[in-house]
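As stored in coords-v4.pdb (PDB, C-alpha atoms):
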ATOM      1  CA  MET E   1       9.504  83.647 104.173
ATOM      2  CA  THR E   2       9.765  83.380 107.893
ATOM      3  CA  GLU E   3       8.340  85.877 110.371
ATOM      4  CA  ARG E   4      11.750  87.473 110.916
ATOM      5  CA  GLU E   5      12.302  88.035 107.178
ATOM      6  CA  HIS E   6       9.114  90.115 107.012
ATOM      7  CA  ARG E   7      10.599  93.015 108.969
ATOM      8  CA  VAL E   8      11.719  95.550 106.380
ATOM      9  CA  VAL E   9      12.804  99.102 107.213
ATOM     10  CA  VAL E  10      13.354 101.739 104.527
ATOM     11  CA  GLU E  11      15.420 104.814 105.379
ATOM     12  CA  GLY E  12      16.235 106.929 102.345
ATOM     13  CA  SER E  13      18.140 104.752  99.889
ATOM     14  CA  ARG E  14      18.868 102.039 102.488
ATOM     15  CA  ILE E  15      16.649  99.027 103.094
ATOM     16  CA  THR E  16      17.289  96.819 106.101
ATOM     17  CA  THR E  17      16.064  93.383 107.073
ATOM     18  CA  PRO E  18      17.003  91.285 110.084
ATOM     19  CA  ARG E  19      20.132  89.953 108.321
ATOM     20  CA  LEU E  20      20.822  92.433 105.520
ATOM     21  CA  VAL E  21      21.446  96.036 104.586
ATOM     22  CA  LEU E  22      20.644  96.948 100.985
ATOM     23  CA  ARG E  23      22.476 100.111 100.033
ATOM     24  CA  PRO E  24      23.593 101.873  96.862
ATOM     25  CA  TRP E  25      26.768 100.524  95.278
ATOM     26  CA  THR E  26      29.937 102.622  95.476
ATOM     27  CA  VAL E  27      33.118 102.430  93.404
ATOM     28  CA  GLU E  28      34.887 101.214  96.564
ATOM     29  CA  ASP E  29      32.792  98.024  96.303
ATOM     30  CA  ALA E  30      34.600  96.918  93.120
ATOM     31  CA  GLU E  31      36.445  93.924  94.622
ATOM     32  CA  ASP E  32      33.333  92.676  96.422
ATOM     33  CA  ALA E  33      31.165  93.209  93.338
ATOM     34  CA  LEU E  34      33.684  91.325  91.205
ATOM     35  CA  ARG E  35      33.174  88.247  93.432
ATOM     36  CA  VAL E  36      29.577  88.348  92.214
ATOM     37  CA  TYR E  37      29.568  89.722  88.663
ATOM     38  CA  GLY E  38      32.956  88.302  87.724
ATOM     39  CA  THR E  39      31.940  84.751  88.564
ATOM     40  CA  ALA E  40      30.960  82.567  85.606
ATOM     41  CA  ASP E  41      28.349  80.678  87.673
ATOM     42  CA  VAL E  42      26.531  83.984  88.276
ATOM     43  CA  ALA E  43      27.199  85.802  84.998
ATOM     44  CA  GLN E  44      25.913  82.946  82.814
ATOM     45  CA  TRP E  45      22.360  83.881  83.847
ATOM     46  CA  LEU E  46      22.752  87.648  83.356
ATOM     47  CA  ALA E  47      23.574  87.867  79.638
ATOM     48  CA  PRO E  48      22.558  89.667  77.481
ATOM     49  CA  ALA E  49      21.616  92.292  80.097
ATOM     50  CA  MET E  50      25.119  92.098  81.563
ATOM     51  CA  ALA E  51      28.281  90.243  80.587
ATOM     52  CA  ARG E  52      30.753  88.676  83.009
ATOM     53  CA  VAL E  53      33.002  91.396  84.409
ATOM     54  CA  PRO E  54      36.646  90.413  83.791
ATOM     55  CA  ASP E  55      38.559  92.393  86.443
ATOM     56  CA  ALA E  56      38.389  95.021  89.200
ATOM     57  CA  ALA E  57      39.064  97.935  86.821
ATOM     58  CA  ALA E  58      36.146  96.909  84.623
ATOM     59  CA  MET E  59      33.975  96.438  87.725
ATOM     60  CA  ARG E  60      34.813  99.997  88.867
ATOM     61  CA  THR E  61      33.672 101.252  85.454
ATOM     62  CA  VAL E  62      30.405  99.315  85.762
ATOM     63  CA  LEU E  63      29.817 100.702  89.269
ATOM     64  CA  GLU E  64      30.498 104.252  88.009
ATOM     65  CA  GLN E  65      27.925 103.712  85.249
ATOM     66  CA  TRP E  66      25.393 102.402  87.744
ATOM     67  CA  ALA E  67      25.949 105.421  89.999
ATOM     68  CA  ALA E  68      25.498 107.795  87.048
ATOM     69  CA  GLY E  69      22.398 105.939  85.844
ATOM     70  CA  ASP E  70      19.200 107.905  85.604
ATOM     71  CA  LEU E  71      16.694 105.635  87.358
ATOM     72  CA  ASP E  72      13.416 106.925  88.711
ATOM     73  CA  ALA E  73      12.520 105.739  92.203
ATOM     74  CA  PRO E  74      11.690 103.104  93.215
ATOM     75  CA  GLN E  75      14.033 101.670  90.554
ATOM     76  CA  GLY E  76      17.558 101.005  91.708
ATOM     77  CA  ARG E  77      20.596  98.823  92.195
ATOM     78  CA  TRP E  78      21.667  97.900  95.699
ATOM     79  CA  ALA E  79      24.629  96.099  97.232
ATOM     80  CA  ILE E  80      23.526  93.349  99.621
ATOM     81  CA  GLU E  81      25.552  93.666 102.805
ATOM     82  CA  SER E  82      25.531  91.234 105.719
ATOM     83  CA  ARG E  83      24.513  92.916 108.968
ATOM     84  CA  GLU E  84      26.539  90.298 110.848
ATOM     85  CA  ASP E  85      29.964  91.230 109.477
ATOM     86  CA  GLY E  86      29.444  94.074 106.977
ATOM     87  CA  SER E  87      30.585  92.006 104.002
ATOM     88  CA  VAL E  88      29.020  92.534 100.581
ATOM     89  CA  VAL E  89      27.473  89.231  99.526
ATOM     90  CA  GLY E  90      25.624  90.236  96.367
ATOM     91  CA  GLY E  91      23.358  92.664  94.600
ATOM     92  CA  VAL E  92      19.652  93.204  94.034
ATOM     93  CA  VAL E  93      17.982  95.287  91.325
ATOM     94  CA  LEU E  94      14.640  96.792  90.464
ATOM     95  CA  LEU E  95      14.860  97.792  86.802
ATOM     96  CA  PRO E  96      12.575  98.357  83.827
ATOM     97  CA  LEU E  97      12.416  95.405  81.447
ATOM     98  CA  PRO E  98      13.117  95.821  77.744
ATOM     99  CA  PRO E  99      11.785  96.385  75.176
ATOM    100  CA  ASP E 100       9.126  98.900  76.311
ATOM    101  CA  ARG E 101      10.511  99.483  79.846
ATOM    102  CA  ARG E 102       7.012  99.486  81.416
ATOM    103  CA  ASP E 103       7.322  96.248  83.409
ATOM    104  CA  LEU E 104       9.617  96.261  86.447
ATOM    105  CA  GLU E 105      12.021  93.386  86.989
ATOM    106  CA  ILE E 106      13.281  92.370  90.369
ATOM    107  CA  GLY E 107      16.563  90.473  90.240
ATOM    108  CA  TRP E 108      19.175  89.180  92.656
ATOM    109  CA  GLN E 109      22.738  87.971  92.344
ATOM    110  CA  LEU E 110      24.850  86.479  95.118
ATOM    111  CA  ALA E 111      28.480  85.472  95.380
ATOM    112  CA  PRO E 112      28.589  81.648  95.373
ATOM    113  CA  GLY E 113      29.816  81.589  98.984
ATOM    114  CA  ALA E 114      26.502  83.144 100.052
ATOM    115  CA  TRP E 115      24.270  80.651  98.242
ATOM    116  CA  GLY E 116      21.868  78.418 100.124
ATOM    117  CA  LYS E 117      21.225  80.728 103.094
ATOM    118  CA  GLY E 118      18.034  82.437 101.929
ATOM    119  CA  LEU E 119      19.760  85.787 101.461
ATOM    120  CA  ALA E 120      18.597  86.347  97.857
ATOM    121  CA  ALA E 121      14.969  85.700  98.838
ATOM    122  CA  GLU E 122      15.299  88.016 101.828
ATOM    123  CA  ALA E 123      16.764  90.776  99.644
ATOM    124  CA  GLY E 124      14.148  90.253  96.926
ATOM    125  CA  HIS E 125      11.381  90.321  99.508
ATOM    126  CA  ALA E 126      12.709  93.593 100.952
ATOM    127  CA  VAL E 127      12.905  95.283  97.537
ATOM    128  CA  ALA E 128       9.374  94.089  96.767
ATOM    129  CA  HIS E 129       8.136  95.780  99.965
ATOM    130  CA  TYR E 130       9.985  98.938  98.978
ATOM    131  CA  ALA E 131       8.483  98.918  95.472
ATOM    132  CA  PHE E 132       4.929  98.270  96.637
ATOM    133  CA  GLU E 133       5.138 100.981  99.289
ATOM    134  CA  ALA E 134       6.149 103.339  96.443
ATOM    135  CA  GLY E 135       2.968 102.433  94.538
ATOM    136  CA  VAL E 136       4.181  99.785  92.081
ATOM    137  CA  ASP E 137       1.316  97.454  91.029
ATOM    138  CA  GLU E 138       3.322  94.357  90.127
ATOM    139  CA  LEU E 139       6.861  93.064  89.791
ATOM    140  CA  PHE E 140       8.318  90.442  87.486
ATOM    141  CA  ALA E 141      11.282  88.115  87.635
ATOM    142  CA  VAL E 142      12.451  86.575  84.369
ATOM    143  CA  VAL E 143      14.410  83.364  84.654
ATOM    144  CA  ARG E 144      16.093  81.169  82.084
ATOM    145  CA  PRO E 145      14.485  77.702  81.986
ATOM    146  CA  ARG E 146      17.585  75.915  83.377
ATOM    147  CA  ASN E 147      18.208  78.438  86.173
ATOM    148  CA  GLU E 148      16.749  76.359  88.978
ATOM    149  CA  ARG E 149      18.224  78.590  91.705
ATOM    150  CA  GLY E 150      16.643  81.704  90.202
ATOM    151  CA  ALA E 151      13.250  80.018  89.875
ATOM    152  CA  ALA E 152      13.382  78.693  93.435
ATOM    153  CA  THR E 153      14.284  82.139  94.768
ATOM    154  CA  ALA E 154      11.405  83.773  92.896
ATOM    155  CA  LYS E 155       9.029  81.288  94.516
ATOM    156  CA  ARG E 156      10.524  81.901  97.974
ATOM    157  CA  VAL E 157       9.982  85.643  97.501
ATOM    158  CA  GLY E 158       6.312  84.772  96.945
ATOM    159  CA  MET E 159       6.202  85.148  93.178
ATOM    160  CA  GLU E 160       3.864  83.089  91.046
ATOM    161  CA  TRP E 161       4.902  81.429  87.781
ATOM    162  CA  VAL E 162       2.732  82.903  85.004
ATOM    163  CA  GLY E 163       4.242  81.324  81.900
ATOM    164  CA  GLU E 164       7.038  81.663  79.384
ATOM    165  CA  THR E 165       7.722  84.462  76.927
ATOM    166  CA  ASP E 166      10.297  85.720  74.467
ATOM    167  CA  LYS E 167       9.183  89.337  74.990
ATOM    168  CA  TYR E 168      12.148  90.257  77.207
ATOM    169  CA  TYR E 169      15.783  90.231  76.079
ATOM    170  CA  ASP E 170      14.881  88.220  72.938
ATOM    171  CA  LEU E 171      15.205  85.016  74.992
ATOM    172  CA  ARG E 172      12.722  82.340  75.971
ATOM    173  CA  LEU E 173      12.256  83.038  79.685
ATOM    174  CA  GLN E 174      10.084  81.873  82.531
ATOM    175  CA  VAL E 175       8.076  84.731  84.004
ATOM    176  CA  TYR E 176       7.207  85.083  87.678
ATOM    177  CA  ARG E 177       4.907  87.833  88.976
ATOM    178  CA  LEU E 178       4.291  89.353  92.385
ATOM    179  CA  ARG E 179       1.462  91.700  93.320
ATOM    180  CA  PRO E 180       1.086  93.571  96.610
ATOM    181  CA  GLY E 181      -1.736  91.311  97.833
ATOM    182  CA  ASP E 182       0.470  88.246  97.348
ATOM    183  CA  LEU E 183       3.425  89.506  99.383
ATOM    184  CA  ASP E 184       3.723  87.833 102.785
ATOM    185  CA  VAL E 185       0.922  85.362 102.067
ATOM    186  CA  PRO E 186       1.967  82.007 103.521
ATOM    187  CA  SER E 187       2.277  79.307 100.892
ATOM    188  CA  LEU E 188       0.340  76.114 101.384
ATOM    189  CA  ARG E 189       2.339  72.944 101.679
ATOM    190  CA  PRO E 190       0.944  69.507 100.850
ATOM    191  CA  GLY E 191      -1.226  68.285 103.708
ATOM    192  CA  GLN E 192      -2.183  71.775 104.942
TER     193      GLN E 192
END
Please express what this file holds, its structure, as structure tokens.
Amino acid sequence: MTEREHRVVVEGSRITTPRLVLRPWTVEDAEDALRVYGTADVAQWLAPAMARVPDAAAMRTVLEQWAAGDLDAPQGRWAIESREDGSVVGGVVLLPLPPDRRDLEIGWQLAPGAWGKGLAAEAGHAVAHYAFEAGVDELFAVVRPRNERGAATAKRVGMEWVGETDKYYDLRLQVYRLRPGDLDVPSLRPGQ
């Protein structure tokens, strides 16, 4: 994380960073959301929690379900919007992990056109700040072993790899953890 990515402002259900606005999804976001959740390169990493969304009508239904969802704060689902042009580039979540729903998962999904710009890490970092300010003790990211982008993003958020498990989703997953004291701690690079 760079110095500028550390600035996080929370106002109600909106979280802003220097480059992003994280806000609740609306049904009007269906076309933008479909560019994320309807893309095979994104959806392949979301199953079984979420299948690839086939069309805009199905995406509207998903967004309606998310809006009607009964999540206790700080849990949530946010659209990731570019502050530069207002476009929706992805989504970020803070959700309870199955099976016991005690551990909180932070997750991020971007449209392929937004990959490689650090936006997922910036969004994940912002949601981590939000969660810790609300009193959460730790956050987890669960990543399939071949999902190199997901693993790299977890590390850029500041998460530490803690092992593999089949506890969540009945899949063998890599587990990354973040605690409040580890957020915004500069990572050491070789030679430092």
Taking the file as shown, find all residues satisfying the PyMOL selection byres ((chain E and resi 42-47) around 9) and write them as an mmCIF file with C-alpha atoms, keeping the file's coordinate frame.
data_model
loop_
_atom_site.group_PDB
_atom_site.id
_atom_site.type_symbol
_atom_site.label_atom_id
_atom_site.label_comp_id
_atom_site.auth_asym_id
_atom_site.auth_seq_id
_atom_site.Cartn_x
_atom_site.Cartn_y
_atom_site.Cartn_z
ATOM 1 C CA VAL E 36 29.577 88.348 92.214
ATOM 2 C CA TYR E 37 29.568 89.722 88.663
ATOM 3 C CA GLY E 38 32.956 88.302 87.724
ATOM 4 C CA THR E 39 31.940 84.751 88.564
ATOM 5 C CA ALA E 40 30.960 82.567 85.606
ATOM 6 C CA ASP E 41 28.349 80.678 87.673
ATOM 7 C CA PRO E 48 22.558 89.667 77.481
ATOM 8 C CA ALA E 49 21.616 92.292 80.097
ATOM 9 C CA MET E 50 25.119 92.098 81.563
ATOM 10 C CA ALA E 51 28.281 90.243 80.587
ATOM 11 C CA ARG E 52 30.753 88.676 83.009
ATOM 12 C CA VAL E 53 33.002 91.396 84.409
ATOM 13 C CA GLN E 109 22.738 87.971 92.344
ATOM 14 C CA LEU E 110 24.850 86.479 95.118
ATOM 15 C CA ALA E 111 28.480 85.472 95.380
ATOM 16 C CA PRO E 112 28.589 81.648 95.373
ATOM 17 C CA VAL E 143 14.410 83.364 84.654
ATOM 18 C CA ARG E 144 16.093 81.169 82.084
ATOM 19 C CA ASN E 147 18.208 78.438 86.173
ATOM 20 C CA GLY E 150 16.643 81.704 90.202
ATOM 21 C CA TYR E 169 15.783 90.231 76.079
#
| said: If the PyMOL selection byres ((chain E and resi 98) around 10) were run on this exact file, what residues would it hold? Put them as a ChimeraX atom specification. | reply: /E:49,95-97,99-105,167-170
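Distance annotation: of E:Ala141, E:Ala152, E:Ala114, E:Ala123, the residue with the minimal separation from E:Val21 is E:Ala123; atom set is only C-alpha atoms.
The two atoms in question, atom CA of E:Val157 and atom CA of E:Phe132, are spaced 13.6 Å apart.
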| message | Translate the PyMOL selection byres ((chain E and resi 120) around 12) into a concrete residue list for this structure, as an MDAnalysis selection string. | response | chainID E and resid 1 5 17 19:20 22 79:82 89:93 106:112 114:119 121:127 149:157
| message | For a test of reading the model, state the distance in Å between atom CA of E:Leu63 and atom CA of E:Arg14, rounded to one decimal. | response | 17.2 Å
| task | State, in Å with one decimal place, the distance from atom CA of E:Ala58 to atom CA of E:Gly113. | result | 21.9 Å
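Nearest-residue note for E:Leu183: choosing from E:Glu164, E:Asp29, E:Glu138, E:Glu148, the minimum distance belongs to E:Glu138, counting only C-alpha atoms.
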| Shortest interatomic distance to E:Pro54 - which of E:Ala73, E:Val88, E:Ala68, E:Leu34, counting all atoms listed in the file |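 Looking at the shortest contact to E:Pro54, the residue is E:Leu34.
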| What lies within 9 Å of stretch 177-182 of chain E using all atoms listed in the file, ignoring chain neighbours under 4 positions off, as number ranges by chain? | E: 128-129, 132-133, 136-142, 154, 157-162, 186
| said: When you look at E:Gln65 with a cut-off of 12 Å (counting only C-alpha atoms), what residues show up, excluding the ones that are within fewer than 5 positions of it in the same chain? I need them as a list in words. | reply: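 So the residues in contact are Trp25, Thr26, Val27, Ala58, Met59, Arg60, Asp70, Leu71 and Arg77 of chain E.
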